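Peer 1: The following file, start_10.txt, comprises compact mmCIF, C-alpha atoms:
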```txt
# COMPACT_ATOMS: atom_id res chain seq x y z
CA MET A 1 101.08 -33.55 -40.90
CA THR A 2 98.84 -35.04 -43.57
CA ALA A 3 95.18 -34.24 -43.90
CA GLY A 4 92.83 -37.19 -43.59
CA ASN A 5 90.42 -38.19 -46.25
CA PRO A 6 87.16 -36.26 -45.62
CA PHE A 7 85.19 -39.38 -46.51
CA ASP A 8 86.68 -41.16 -43.48
CA ALA A 9 84.30 -39.12 -41.29
CA LEU A 10 81.23 -40.49 -43.07
CA PRO A 11 79.50 -43.51 -41.55
CA ALA A 12 79.74 -46.74 -43.49
CA PRO A 13 76.72 -47.36 -45.70
CA SER A 14 74.13 -49.74 -44.34
CA PRO A 15 73.88 -53.08 -46.12
CA TYR A 16 70.10 -52.78 -45.68
CA PRO A 17 67.74 -50.40 -47.53
CA LEU A 18 66.11 -47.43 -45.77
CA THR A 19 62.84 -49.38 -45.54
CA SER A 20 64.44 -52.27 -43.64
CA ARG A 21 64.07 -52.59 -39.88
CA TYR A 22 67.80 -53.36 -39.87
CA HIS A 23 68.86 -50.16 -41.66
CA GLY A 24 71.34 -48.35 -39.45
CA VAL A 25 71.94 -51.33 -37.16
CA PRO A 26 75.71 -51.70 -36.87
CA VAL A 27 77.40 -54.77 -38.29
CA SER A 28 80.05 -56.19 -35.97
CA VAL A 29 82.56 -58.97 -36.46
CA ARG A 30 83.36 -61.72 -33.98
CA THR A 31 86.63 -63.58 -34.35
CA GLU A 32 86.34 -67.30 -33.66
CA PRO A 33 89.13 -69.20 -31.85
CA ASP A 34 90.26 -70.57 -35.21
CA GLY A 35 90.66 -67.00 -36.54
CA ARG A 36 87.56 -67.13 -38.74
CA GLN A 37 85.62 -63.85 -38.71
CA VAL A 38 81.84 -64.00 -38.39
CA PRO A 39 79.83 -60.84 -39.08
CA TYR A 40 76.63 -60.25 -37.11
CA LEU A 41 74.11 -57.49 -36.58
CA GLY A 42 74.13 -55.56 -33.35
CA ARG A 43 71.02 -55.26 -31.23
CA ARG A 44 68.12 -53.36 -32.75
CA LEU A 45 66.46 -51.26 -30.09
CA LEU A 46 62.72 -50.90 -30.46
CA PRO A 47 61.32 -47.38 -30.49
CA ALA A 48 59.11 -46.30 -27.60
CA PRO A 49 55.53 -46.69 -28.93
CA ASP A 50 54.52 -43.42 -27.27
CA GLY A 51 57.13 -41.62 -29.38
CA LEU A 52 55.61 -42.80 -32.66
CA THR A 53 52.98 -40.78 -34.51
CA PRO A 54 49.78 -42.81 -34.88
CA LEU A 55 48.38 -43.07 -38.38
CA ALA A 56 45.35 -45.25 -37.63
CA GLU A 57 43.73 -47.55 -35.12
CA HIS A 58 42.68 -50.86 -36.63
CA THR A 59 40.22 -53.38 -35.22
CA VAL A 60 41.48 -56.84 -36.14
CA GLY A 61 39.12 -58.89 -38.27
CA THR A 62 39.16 -62.52 -39.32
CA GLY A 63 41.83 -63.08 -41.97
CA ASP A 64 43.88 -59.99 -41.07
CA ARG A 65 47.65 -60.42 -41.16
CA PRO A 66 50.40 -57.94 -40.30
CA ASP A 67 51.69 -57.91 -43.90
CA LEU A 68 48.22 -57.25 -45.34
CA LEU A 69 47.64 -54.41 -42.88
CA ALA A 70 51.03 -52.91 -43.73
CA HIS A 71 50.12 -52.99 -47.41
CA ARG A 72 46.76 -51.33 -46.71
CA TYR A 73 47.98 -48.59 -44.37
CA LEU A 74 51.66 -48.11 -45.27
CA GLY A 75 51.67 -49.10 -48.94
CA SER A 76 54.08 -52.03 -48.58
CA ALA A 77 53.64 -55.49 -47.07
CA ASP A 78 57.35 -55.41 -46.17
CA GLN A 79 56.61 -52.73 -43.58
CA TRP A 80 54.70 -55.08 -41.23
CA TRP A 81 57.45 -54.59 -38.68
CA ARG A 82 56.44 -50.93 -38.24
CA ILE A 83 53.04 -52.11 -36.99
CA ALA A 84 54.73 -54.62 -34.69
CA ASP A 85 56.98 -51.84 -33.32
CA ALA A 86 53.93 -49.72 -32.48
CA ASN A 87 52.26 -52.51 -30.50
CA PRO A 88 54.07 -54.31 -27.68
CA VAL A 89 54.11 -57.93 -28.86
CA VAL A 90 56.84 -60.55 -28.82
CA ASP A 91 55.56 -62.46 -31.85
CA PRO A 92 54.06 -60.42 -34.73
CA ARG A 93 51.40 -63.10 -35.23
CA GLU A 94 49.94 -61.94 -31.89
CA LEU A 95 48.91 -58.68 -33.59
CA THR A 96 46.14 -60.32 -35.59
CA ALA A 97 45.50 -63.54 -33.66
CA THR A 98 42.45 -62.18 -31.81
CA PRO A 99 39.61 -60.66 -33.86
CA GLY A 100 38.36 -57.50 -32.17
CA ARG A 101 41.77 -56.48 -30.84
CA ARG A 102 42.61 -52.81 -31.48
CA ILE A 103 46.10 -52.18 -32.80
CA THR A 104 47.91 -48.98 -33.65
CA VAL A 105 49.40 -48.33 -37.06
CA ALA A 106 52.11 -45.68 -36.70
CA LEU A 107 54.05 -43.55 -39.11
CA PRO A 108 57.72 -44.39 -39.56
CA GLY A 109 60.03 -42.81 -36.98
CA ALA A 110 60.96 -39.17 -37.56
CA VAL A 111 57.83 -38.50 -39.66
CA PRO A 112 56.06 -35.52 -38.10
CA GLY A 113 52.39 -35.77 -37.36
CA VAL A 114 49.76 -34.85 -34.86
CA GLY A 115 51.15 -37.02 -32.05
CA ARG A 116 49.12 -38.82 -29.42
CA ALA A 117 46.21 -37.08 -27.77
```
Would you mind writing the structure in this file as structure tokens?
Peer 2:
Amino acid sequence: MTAGNPFDALPAPSPYPLTSRYHGVPVSVRTEPDGRQVPYLGRRLLPAPDGLTPLAEHTVGTGDRPDLLAHRYLGSADQWWRIADANPVVDPRELTATPGRRITVALPGAVPGVGRA
């Protein structure tokens, strides 16, 4: 009996960085009828907003955009998707389309905080 390679038990590295909304989403391969293999990302499940730790409430003003708010609150415009995850919208442009709307800015998942009151 041969011992397996201990590295075989490790998950494959993600092709996306830790800051990407696609980090950890499994890559699958579909085989076409002609034998060609087409890689695709599996479904990304959105976190339950109530399970996220709120960082701030923001009242939308004229000229606000999700990327600008992410830069202001999270330090990176690329993290706009974290704000979208914390607010139930289909299209991220809905977040800032209506001045006066209150939106939640939440900490990334698994970051401890005070939780919702």
Peer 1: Could you please determine the separation between CA of Arg102 in chain A and CA of Glu57 in chain A in Å, to one decimal place?
Peer 2: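 Computed distance, CA of Arg102 in chain A to CA of Glu57 in chain A, equals 6.5 Å.
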Peer 1: Could you list as an mmCIF file with C-alpha atoms, keeping the file's coordinate frame every residue that has an atom within 10 Å of (55.9, -56.5, -37.7), using the file's coordinates and counting all atoms listed in the file?
Peer 2:
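So the final result, stored in part_2.cif, reads:
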```
data_model
loop_
_atom_site.group_PDB
_atom_site.id
_atom_site.type_symbol
_atom_site.label_atom_id
_atom_site.label_comp_id
_atom_site.auth_asym_id
_atom_site.auth_seq_id
_atom_site.Cartn_x
_atom_site.Cartn_y
_atom_site.Cartn_z
ATOM 1 C CA ARG A 21 64.070 -52.590 -39.880
ATOM 2 C CA ARG A 65 47.650 -60.420 -41.160
ATOM 3 C CA PRO A 66 50.400 -57.940 -40.300
ATOM 4 C CA ASP A 67 51.690 -57.910 -43.900
ATOM 5 C CA LEU A 69 47.640 -54.410 -42.880
ATOM 6 C CA ALA A 70 51.030 -52.910 -43.730
ATOM 7 C CA ALA A 77 53.640 -55.490 -47.070
ATOM 8 C CA ASP A 78 57.350 -55.410 -46.170
ATOM 9 C CA GLN A 79 56.610 -52.730 -43.580
ATOM 10 C CA TRP A 80 54.700 -55.080 -41.230
ATOM 11 C CA TRP A 81 57.450 -54.590 -38.680
ATOM 12 C CA ARG A 82 56.440 -50.930 -38.240
ATOM 13 C CA ILE A 83 53.040 -52.110 -36.990
ATOM 14 C CA ALA A 84 54.730 -54.620 -34.690
ATOM 15 C CA ASP A 85 56.980 -51.840 -33.320
ATOM 16 C CA ALA A 86 53.930 -49.720 -32.480
ATOM 17 C CA ASN A 87 52.260 -52.510 -30.500
ATOM 18 C CA VAL A 89 54.110 -57.930 -28.860
ATOM 19 C CA VAL A 90 56.840 -60.550 -28.820
ATOM 20 C CA ASP A 91 55.560 -62.460 -31.850
ATOM 21 C CA PRO A 92 54.060 -60.420 -34.730
ATOM 22 C CA ARG A 93 51.400 -63.100 -35.230
ATOM 23 C CA GLU A 94 49.940 -61.940 -31.890
ATOM 24 C CA LEU A 95 48.910 -58.680 -33.590
#
```
Peer 1: For Asp50 in chain A, which residue out of A:Pro33, A:Gly100, A:Pro6, A:Pro88 is the nearest one, using all atoms listed in the file?
Peer 2: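 When distances to Asp50 in chain A are compared using all atoms listed in the file, the smallest one comes from A:Pro88.
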Peer 1: Please provide as a list in words all residues within 7 Å of Ala56 in chain A, with the sequence filter that same-chain residues fewer than 4 positions apart are discarded (counting only C-alpha atoms).
Peer 2: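 Result of the neighbour search: Thr104, Val105 and Ala106 of chain A.
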Peer 1: Have a look at CA of Gly75 in chain A and CA of Thr19 in chain A and let me know their distance in Å, one decimal.
Peer 2: 11.7 Å
Peer 1: Which value, in Å to one decimal, gives the distance between CA of Thr53 in chain A and CA of Tyr22 in chain A?
Peer 2: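 Separation between CA of Thr53 in chain A and CA of Tyr22 in chain A: 20.2 Å.
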Peer 1: Have a look at A:Pro26, A:Pro54, A:Gly42, A:Gly35 and name the one nearest to Ile103 in chain A; count only C-alpha atoms.
Peer 2: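 The closest residue to Ile103 in chain A is A:Pro54.
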Peer 1: Return as lines of an AutoDock Vina configuration file the centre and edge lengths, in Å with one decimal, of the box along x, y and z that encloses every atom of range 38-51 of chain A in the file, padded by 3 Å per side.
Peer 2:
```
center_x = 68.2
center_y = -52.8
center_z = -33.2
size_x = 33.3
size_y = 28.4
size_z = 17.8
```
